[in-house]
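Data file: coords.cif. Format and content: mmCIF, C-alpha atoms.
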```cif
data_work
#
loop_
_atom_site.label_atom_id
_atom_site.label_comp_id
_atom_site.auth_asym_id
_atom_site.auth_seq_id
_atom_site.Cartn_x
_atom_site.Cartn_y
_atom_site.Cartn_z
CA THR A 21 50.08 -31.55 31.64
CA GLU A 22 49.96 -35.33 32.08
CA GLY A 23 53.59 -35.87 31.02
CA ILE A 24 52.66 -37.86 27.90
CA VAL A 25 53.65 -37.01 24.34
CA ARG A 26 51.54 -38.54 21.58
CA ALA A 27 52.42 -38.53 17.88
CA PRO A 28 49.79 -40.07 15.62
CA GLY A 29 51.04 -41.35 12.27
CA PRO A 30 54.61 -42.31 11.29
CA VAL A 31 57.44 -41.38 13.67
CA THR A 32 61.15 -42.05 14.22
CA PHE A 33 63.03 -41.84 17.52
CA ARG A 34 66.54 -42.21 18.96
CA ARG A 35 67.68 -42.61 22.56
CA GLY A 36 71.15 -43.79 23.52
CA ARG A 37 71.94 -47.04 21.67
CA MET A 38 68.26 -47.46 20.71
CA SER A 39 66.56 -46.06 17.64
CA GLY A 40 63.41 -46.95 15.79
CA SER A 41 60.28 -46.10 13.94
CA GLY A 42 56.61 -46.96 13.94
CA VAL A 43 53.11 -45.61 13.74
CA ASP A 44 51.20 -43.93 16.59
CA PHE A 45 54.02 -43.18 19.03
CA SER A 46 53.54 -42.30 22.69
CA TYR A 47 56.04 -41.40 25.39
CA ASP A 48 55.14 -41.32 29.08
CA GLU A 49 57.80 -39.16 30.73
CA ASN A 50 56.75 -40.10 34.29
CA ARG A 51 57.18 -43.84 33.61
CA ASP A 52 59.94 -43.47 30.97
CA LEU A 53 57.82 -45.62 28.65
CA ILE A 54 57.78 -45.60 24.84
CA GLY A 55 54.85 -47.17 22.96
CA LEU A 56 54.47 -47.88 19.24
CA SER A 57 50.98 -49.05 18.26
CA ASP A 58 51.79 -50.35 14.78
CA GLN A 59 54.69 -51.21 12.45
CA ALA A 60 57.28 -51.15 15.24
CA LYS A 61 60.95 -51.28 14.20
CA VAL A 62 63.60 -51.03 16.92
CA ARG A 63 67.38 -51.15 16.50
CA ILE A 64 69.76 -51.53 19.43
CA ALA A 65 73.32 -50.69 18.42
CA GLY A 66 76.11 -52.95 19.64
CA ASP A 67 78.04 -51.90 22.72
CA ASP A 68 81.81 -51.65 23.25
CA ARG A 69 82.09 -55.41 23.88
CA ASN A 70 79.77 -56.51 21.06
CA ALA A 71 79.66 -54.67 17.74
CA GLU A 72 76.56 -56.58 16.57
CA ALA A 73 73.31 -54.67 16.52
CA THR A 74 69.89 -56.16 17.26
CA ASP A 75 67.01 -55.40 14.88
CA ILE A 76 63.43 -56.03 16.02
CA THR A 77 60.23 -55.73 14.00
CA ALA A 78 56.75 -56.32 15.40
CA GLY A 79 53.16 -55.19 15.10
CA SER A 80 53.52 -53.13 18.30
CA ALA A 81 56.10 -52.42 20.99
CA VAL A 82 56.38 -51.12 24.56
CA LEU A 83 59.80 -50.11 25.89
CA ALA A 84 59.57 -49.44 29.63
CA ARG A 85 62.96 -48.43 31.02
CA GLN A 86 61.80 -47.47 34.53
CA ASP A 87 59.78 -50.67 34.92
CA LYS A 88 62.65 -52.59 33.26
CA PHE A 89 60.76 -54.51 30.58
CA VAL A 90 60.18 -54.63 26.83
CA SER A 91 57.16 -56.10 25.10
CA PHE A 92 56.58 -56.86 21.42
CA GLU A 93 53.33 -58.17 19.96
CA ARG A 94 52.11 -59.47 16.59
CA SER A 95 54.67 -61.24 14.38
CA VAL A 96 57.86 -60.55 16.33
CA HIS A 97 61.05 -60.93 14.26
CA ILE A 98 64.45 -60.37 15.92
CA VAL A 99 67.83 -60.53 14.16
CA HIS A 100 71.01 -60.46 16.26
CA GLY A 101 74.13 -61.26 14.28
CA SER A 102 73.47 -64.60 12.60
CA GLN A 103 70.68 -65.52 15.04
CA VAL A 104 67.05 -65.15 13.93
CA ILE A 105 64.17 -65.23 16.44
CA ASP A 106 60.48 -65.40 15.52
CA ALA A 107 57.38 -65.59 17.76
CA ASN A 108 53.87 -64.25 18.05
CA ALA A 109 54.91 -62.20 21.12
CA ALA A 110 58.02 -61.46 23.18
CA LEU A 111 58.33 -60.13 26.73
CA GLY A 112 61.73 -59.32 28.19
CA ASP A 113 63.10 -58.19 31.55
CA LEU A 114 65.88 -55.59 31.47
CA THR A 115 68.91 -55.63 33.75
CA GLU A 116 69.39 -52.91 36.40
CA SER A 117 71.53 -50.96 33.91
CA GLN A 118 68.70 -51.31 31.36
CA GLU A 119 71.35 -52.14 28.74
CA TYR A 120 70.72 -55.90 28.47
CA LEU A 121 67.98 -58.47 28.79
CA SER A 122 68.14 -60.75 31.81
CA ARG A 123 65.22 -62.85 30.55
CA LEU A 124 63.14 -63.16 27.38
CA GLU A 125 59.88 -65.09 26.96
CA LEU A 126 58.87 -65.97 23.41
CA ASP A 127 55.23 -66.98 23.13
CA GLY A 128 53.39 -68.65 20.25
CA ASP A 129 55.21 -70.53 17.48
CA ALA A 130 58.55 -69.53 19.00
CA ARG A 131 61.66 -70.28 16.95
CA ILE A 132 65.35 -69.42 17.32
CA GLU A 133 67.63 -70.33 14.45
CA THR A 134 71.37 -69.94 13.89
CA PRO A 135 71.88 -71.18 10.32
CA ASN A 136 75.70 -71.14 10.44
CA ALA A 137 76.08 -72.76 13.87
CA ARG A 138 79.42 -74.48 14.51
CA PRO A 139 79.60 -78.14 15.61
CA GLY A 140 78.12 -78.57 19.10
CA GLU A 141 76.24 -75.28 18.91
CA LEU A 142 72.48 -74.91 18.95
CA LYS A 143 71.26 -74.55 15.36
CA LEU A 144 67.51 -74.51 15.99
CA MET A 145 65.20 -74.30 18.98
CA ALA A 146 61.43 -74.27 18.47
CA GLY A 147 58.30 -74.73 20.56
CA ASP A 148 55.05 -73.15 21.67
CA VAL A 149 56.88 -71.13 24.36
CA ILE A 150 60.62 -70.53 24.86
CA ASN A 151 61.93 -68.92 28.06
CA LEU A 152 65.50 -67.64 27.78
CA THR A 153 67.82 -66.54 30.58
CA TYR A 154 71.01 -64.60 29.79
CA PHE A 155 74.35 -64.44 31.59
CA GLU A 156 74.54 -61.30 33.74
CA ASN A 157 75.06 -58.06 31.77
CA SER A 158 75.55 -59.80 28.43
CA ASP A 159 73.59 -61.04 25.46
CA LEU A 160 74.96 -64.58 25.92
CA LEU A 161 72.36 -67.29 26.51
CA GLN A 162 72.67 -69.07 29.88
CA SER A 163 69.66 -71.38 29.72
CA ALA A 164 66.47 -72.07 27.83
CA ILE A 165 63.21 -73.85 28.62
CA VAL A 166 61.15 -74.98 25.64
CA THR A 167 57.56 -76.07 26.27
CA GLY A 168 54.98 -77.49 23.91
CA LYS A 169 56.11 -79.33 20.79
CA GLY A 170 59.78 -78.70 21.53
CA SER A 171 62.35 -79.29 18.82
CA LEU A 172 66.13 -78.85 19.04
CA ARG A 173 68.88 -79.24 16.48
CA ILE A 174 72.54 -79.25 17.44
CA ALA A 175 75.04 -78.76 14.60
CA GLY A 176 77.30 -81.72 13.84
CA GLU A 177 80.88 -81.95 12.62
CA PRO A 178 81.37 -81.64 8.83
CA GLY A 179 79.92 -84.75 7.18
CA VAL A 180 78.10 -85.77 10.39
CA PRO A 181 74.35 -85.18 10.62
CA GLU A 182 73.04 -82.74 13.19
CA ARG A 183 71.52 -84.13 16.36
CA VAL A 184 67.76 -83.69 16.58
CA LEU A 185 65.56 -83.90 19.66
CA HIS A 186 61.77 -83.65 19.87
CA ALA A 187 60.09 -83.44 23.28
CA GLN A 188 57.12 -81.82 24.96
CA ASN A 189 59.38 -79.98 27.44
CA VAL A 190 63.15 -79.42 27.34
CA GLU A 191 65.50 -77.49 29.62
CA ILE A 192 68.89 -76.55 28.18
CA GLY A 193 72.03 -75.24 29.90
CA MET A 194 74.65 -73.34 27.93
CA ALA A 195 78.40 -72.81 28.27
CA PRO A 196 79.68 -69.29 29.00
CA ASP A 197 80.11 -68.78 25.23
CA GLY A 198 76.28 -68.71 25.05
CA THR A 199 76.11 -71.13 22.11
CA THR A 200 77.47 -74.52 23.24
CA VAL A 201 74.95 -76.85 24.88
CA THR A 202 76.26 -78.25 28.21
CA SER A 203 73.14 -79.92 29.65
CA MET A 204 69.69 -81.06 28.61
CA ILE A 205 66.78 -82.27 30.72
#
```
Serialized structure, structure tokens:
Amino acid sequence: TEGIVRAPGPVTFRRGRMSGSGVDFSYDENRDLIGLSDQAKVRIAGDDRNAEATDITAGSAVLARQDKFVSFERSVHIVHGSQVIDANAALGDLTESQEYLSRLELDGDARIETPNARPGELKLMAGDVINLTYFENSDLLQSAIVTGKGSLRIAGEPGVPERVLHAQNVEIGMAPDGTTVTSMI
């Protein structure tokens, strides 16, 4: 009668390109909101332009399509291609199409690592908080703001050490490829 489905215990779900599992599932039909209270695992299949899937694990998750946001709490771990993201919590804004993130805030021991980064590409970004902005309707990084104990590593040419920067606050601009650093403040 209230438009909410609750499923205590283990559950799996699938909707469009998204699938997942967790414990203590709820779905609010009126708000188009999925909640997983524990052991959240979400997979977003790649689209026509990008065959890479995104796998997310966290202690809990809220996926709110109508309100256009996603939230993950407790030991967030995201793998997208060769990129690995870890943080205590993540909050993202969805685009109008609800197919992509326009923004993602990583909070608490935030870390983004691309172990096989090519020369000039961002290999590591770490800090207390990382705010990411993506190019419109894509998963390509447009800019990043790292606050609190910021650390960046940019991959060097073969035989040349990577460039390392430590700062309290750093703002980074990226090329349209989403991996090459074009500016740093």
Using only C-alpha atoms, find each residue of range 55-133 of chain A with at least one atom at most 12 Å away from an atom of range 158-178 of chain A; report its shortest atom-to-atom pair and that distance in Å (one decimal), sort the rows by chain and rising residue number, and return the result as JSON lines.
```
{"residue": "A:Ile64", "atom": "CA", "partner": "A:Asp159", "partner_atom": "CA", "distance": 11.9}
{"residue": "A:Gly66", "atom": "CA", "partner": "A:Asp159", "partner_atom": "CA", "distance": 10.3}
{"residue": "A:Asp67", "atom": "CA", "partner": "A:Ser158", "partner_atom": "CA", "distance": 10.1}
{"residue": "A:Asp68", "atom": "CA", "partner": "A:Ser158", "partner_atom": "CA", "distance": 11.5}
{"residue": "A:Arg69", "atom": "CA", "partner": "A:Ser158", "partner_atom": "CA", "distance": 9.1}
{"residue": "A:Asn70", "atom": "CA", "partner": "A:Asp159", "partner_atom": "CA", "distance": 8.8}
{"residue": "A:Ala71", "atom": "CA", "partner": "A:Asp159", "partner_atom": "CA", "distance": 11.7}
{"residue": "A:Glu72", "atom": "CA", "partner": "A:Asp159", "partner_atom": "CA", "distance": 10.4}
{"residue": "A:Ala73", "atom": "CA", "partner": "A:Asp159", "partner_atom": "CA", "distance": 11.0}
{"residue": "A:Thr74", "atom": "CA", "partner": "A:Asp159", "partner_atom": "CA", "distance": 10.2}
{"residue": "A:His100", "atom": "CA", "partner": "A:Asp159", "partner_atom": "CA", "distance": 9.6}
{"residue": "A:Gly101", "atom": "CA", "partner": "A:Asp159", "partner_atom": "CA", "distance": 11.2}
{"residue": "A:Gln103", "atom": "CA", "partner": "A:Asp159", "partner_atom": "CA", "distance": 11.7}
{"residue": "A:Leu114", "atom": "CA", "partner": "A:Ser158", "partner_atom": "CA", "distance": 11.0}
{"residue": "A:Thr115", "atom": "CA", "partner": "A:Ser158", "partner_atom": "CA", "distance": 9.5}
{"residue": "A:Ser117", "atom": "CA", "partner": "A:Ser158", "partner_atom": "CA", "distance": 11.2}
{"residue": "A:Gln118", "atom": "CA", "partner": "A:Ser158", "partner_atom": "CA", "distance": 11.3}
{"residue": "A:Glu119", "atom": "CA", "partner": "A:Ser158", "partner_atom": "CA", "distance": 8.7}
{"residue": "A:Tyr120", "atom": "CA", "partner": "A:Ser158", "partner_atom": "CA", "distance": 6.2}
{"residue": "A:Leu121", "atom": "CA", "partner": "A:Asp159", "partner_atom": "CA", "distance": 7.0}
{"residue": "A:Ser122", "atom": "CA", "partner": "A:Ser158", "partner_atom": "CA", "distance": 8.2}
{"residue": "A:Arg123", "atom": "CA", "partner": "A:Leu161", "partner_atom": "CA", "distance": 9.3}
{"residue": "A:Leu124", "atom": "CA", "partner": "A:Ala164", "partner_atom": "CA", "distance": 9.5}
{"residue": "A:Glu125", "atom": "CA", "partner": "A:Ile165", "partner_atom": "CA", "distance": 9.5}
{"residue": "A:Leu126", "atom": "CA", "partner": "A:Val166", "partner_atom": "CA", "distance": 9.6}
{"residue": "A:Asp127", "atom": "CA", "partner": "A:Thr167", "partner_atom": "CA", "distance": 9.9}
{"residue": "A:Gly128", "atom": "CA", "partner": "A:Gly168", "partner_atom": "CA", "distance": 9.7}
{"residue": "A:Asp129", "atom": "CA", "partner": "A:Lys169", "partner_atom": "CA", "distance": 9.4}
{"residue": "A:Ala130", "atom": "CA", "partner": "A:Val166", "partner_atom": "CA", "distance": 9.0}
{"residue": "A:Arg131", "atom": "CA", "partner": "A:Ser171", "partner_atom": "CA", "distance": 9.2}
{"residue": "A:Ile132", "atom": "CA", "partner": "A:Leu172", "partner_atom": "CA", "distance": 9.6}
{"residue": "A:Glu133", "atom": "CA", "partner": "A:Arg173", "partner_atom": "CA", "distance": 9.2}
```
Separation of CA of Lys143 in chain A from CA of Ser80 in chain A in Å: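 Separating CA of Ser80 in chain A from CA of Lys143 in chain A is a distance of 28.0 Å.
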For the structure provided, state which residues fall under the PyMOL selection byres ((chain A and resi 197) around 10), and present them as a list of chain:residue names.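 Expected selection for the PyMOL selection byres ((chain A and resi 197) around 10) here is A:Glu141, A:Phe155, A:Leu160, A:Leu161, A:Gln162, A:Met194, A:Ala195, A:Pro196, A:Gly198, A:Thr199, A:Thr200, A:Val201.
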Carefully work through the PyMOL selection byres ((chain A and resi 56) around 7) for this structure and note down the residues it includes, as a short mmCIF file (atom, residue, chain, number, x, y, z; two decimals) with C-alpha atoms, in the frame of the given file.
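That gives us out_16.cif:
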```cif
data_model
loop_
_atom_site.label_atom_id
_atom_site.label_comp_id
_atom_site.auth_asym_id
_atom_site.auth_seq_id
_atom_site.Cartn_x
_atom_site.Cartn_y
_atom_site.Cartn_z
CA GLY A 42 56.61 -46.96 13.94
CA VAL A 43 53.11 -45.61 13.74
CA ASP A 44 51.20 -43.93 16.59
CA PHE A 45 54.02 -43.18 19.03
CA SER A 46 53.54 -42.30 22.69
CA ILE A 54 57.78 -45.60 24.84
CA GLY A 55 54.85 -47.17 22.96
CA SER A 57 50.98 -49.05 18.26
CA ASP A 58 51.79 -50.35 14.78
CA ALA A 60 57.28 -51.15 15.24
CA SER A 80 53.52 -53.13 18.30
CA ALA A 81 56.10 -52.42 20.99
CA VAL A 82 56.38 -51.12 24.56
#
```
Report, in Å with one decimal, the straight-line distance from CA of Asp48 in chain A to CA of Ile24 in chain A. 4.4 Å
The PyMOL selection byres ((chain A and resi 88) around 8) - which residues does that actually catch in the file I just gave you? List them as an mmCIF file with C-alpha atoms, in the frame of the given file.
```
data_model
loop_
_atom_site.group_PDB
_atom_site.id
_atom_site.type_symbol
_atom_site.label_atom_id
_atom_site.label_comp_id
_atom_site.auth_asym_id
_atom_site.auth_seq_id
_atom_site.Cartn_x
_atom_site.Cartn_y
_atom_site.Cartn_z
ATOM 1 C CA ALA A 84 59.570 -49.440 29.630
ATOM 2 C CA ARG A 85 62.960 -48.430 31.020
ATOM 3 C CA GLN A 86 61.800 -47.470 34.530
ATOM 4 C CA ASP A 87 59.780 -50.670 34.920
ATOM 5 C CA PHE A 89 60.760 -54.510 30.580
ATOM 6 C CA VAL A 90 60.180 -54.630 26.830
ATOM 7 C CA ASP A 113 63.100 -58.190 31.550
ATOM 8 C CA LEU A 114 65.880 -55.590 31.470
ATOM 9 C CA THR A 115 68.910 -55.630 33.750
ATOM 10 C CA GLU A 116 69.390 -52.910 36.400
ATOM 11 C CA GLN A 118 68.700 -51.310 31.360
#
```
Atomic distance CA of Pro181 in chain A - CA of Val149 in chain A, expressed in Å with one decimal: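 Here the two named atoms are 26.3 Å from each other.
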Would you list the contacts of Thr32 in chain A as number ranges by chain, taking every protein, DNA or RNA residue within 8 Å and counting all atoms listed in the file, but skipping same-chain residues closer than 3 positions in sequence? A: 39-42
Counting all atoms listed in the file, the residue of A:Asp75, A:Glu191, A:Glu156, A:Glu182 that sits nearest Pro135 in chain A: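 Of all the options, A:Glu182 lies closest to Pro135 in chain A.
Closest approach to Gly112 in chain A from the set A:Ala137, A:Val31, A:Leu152, A:Ala78 is made by A:Leu152, with distances taken over all atoms listed in the file.
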Of the candidates A:Leu111, A:Arg63, A:Arg37, A:Leu185, which shows the shortest atom-to-atom distance to Ile76 in chain A, using only C-alpha atoms?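 Ranking A:Leu111, A:Arg63, A:Arg37, A:Leu185 by distance to Ile76 in chain A, first place goes to A:Arg63.
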Using only C-alpha atoms: which of A:Val62, A:Val180, A:Ala110, A:Ala27 has the shortest distance to Ser95 in chain A: A:Ala110
With only C-alpha atoms as the atoms that count, which of A:Met38, A:Glu22, A:Ile192, A:Gly79 lies nearest to Leu142 in chain A? A:Ile192
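Across A:Arg94, A:Gly179, A:Asn108, A:Gly193, the tightest approach to Pro139 in chain A is made by A:Gly179 when counting only C-alpha atoms.
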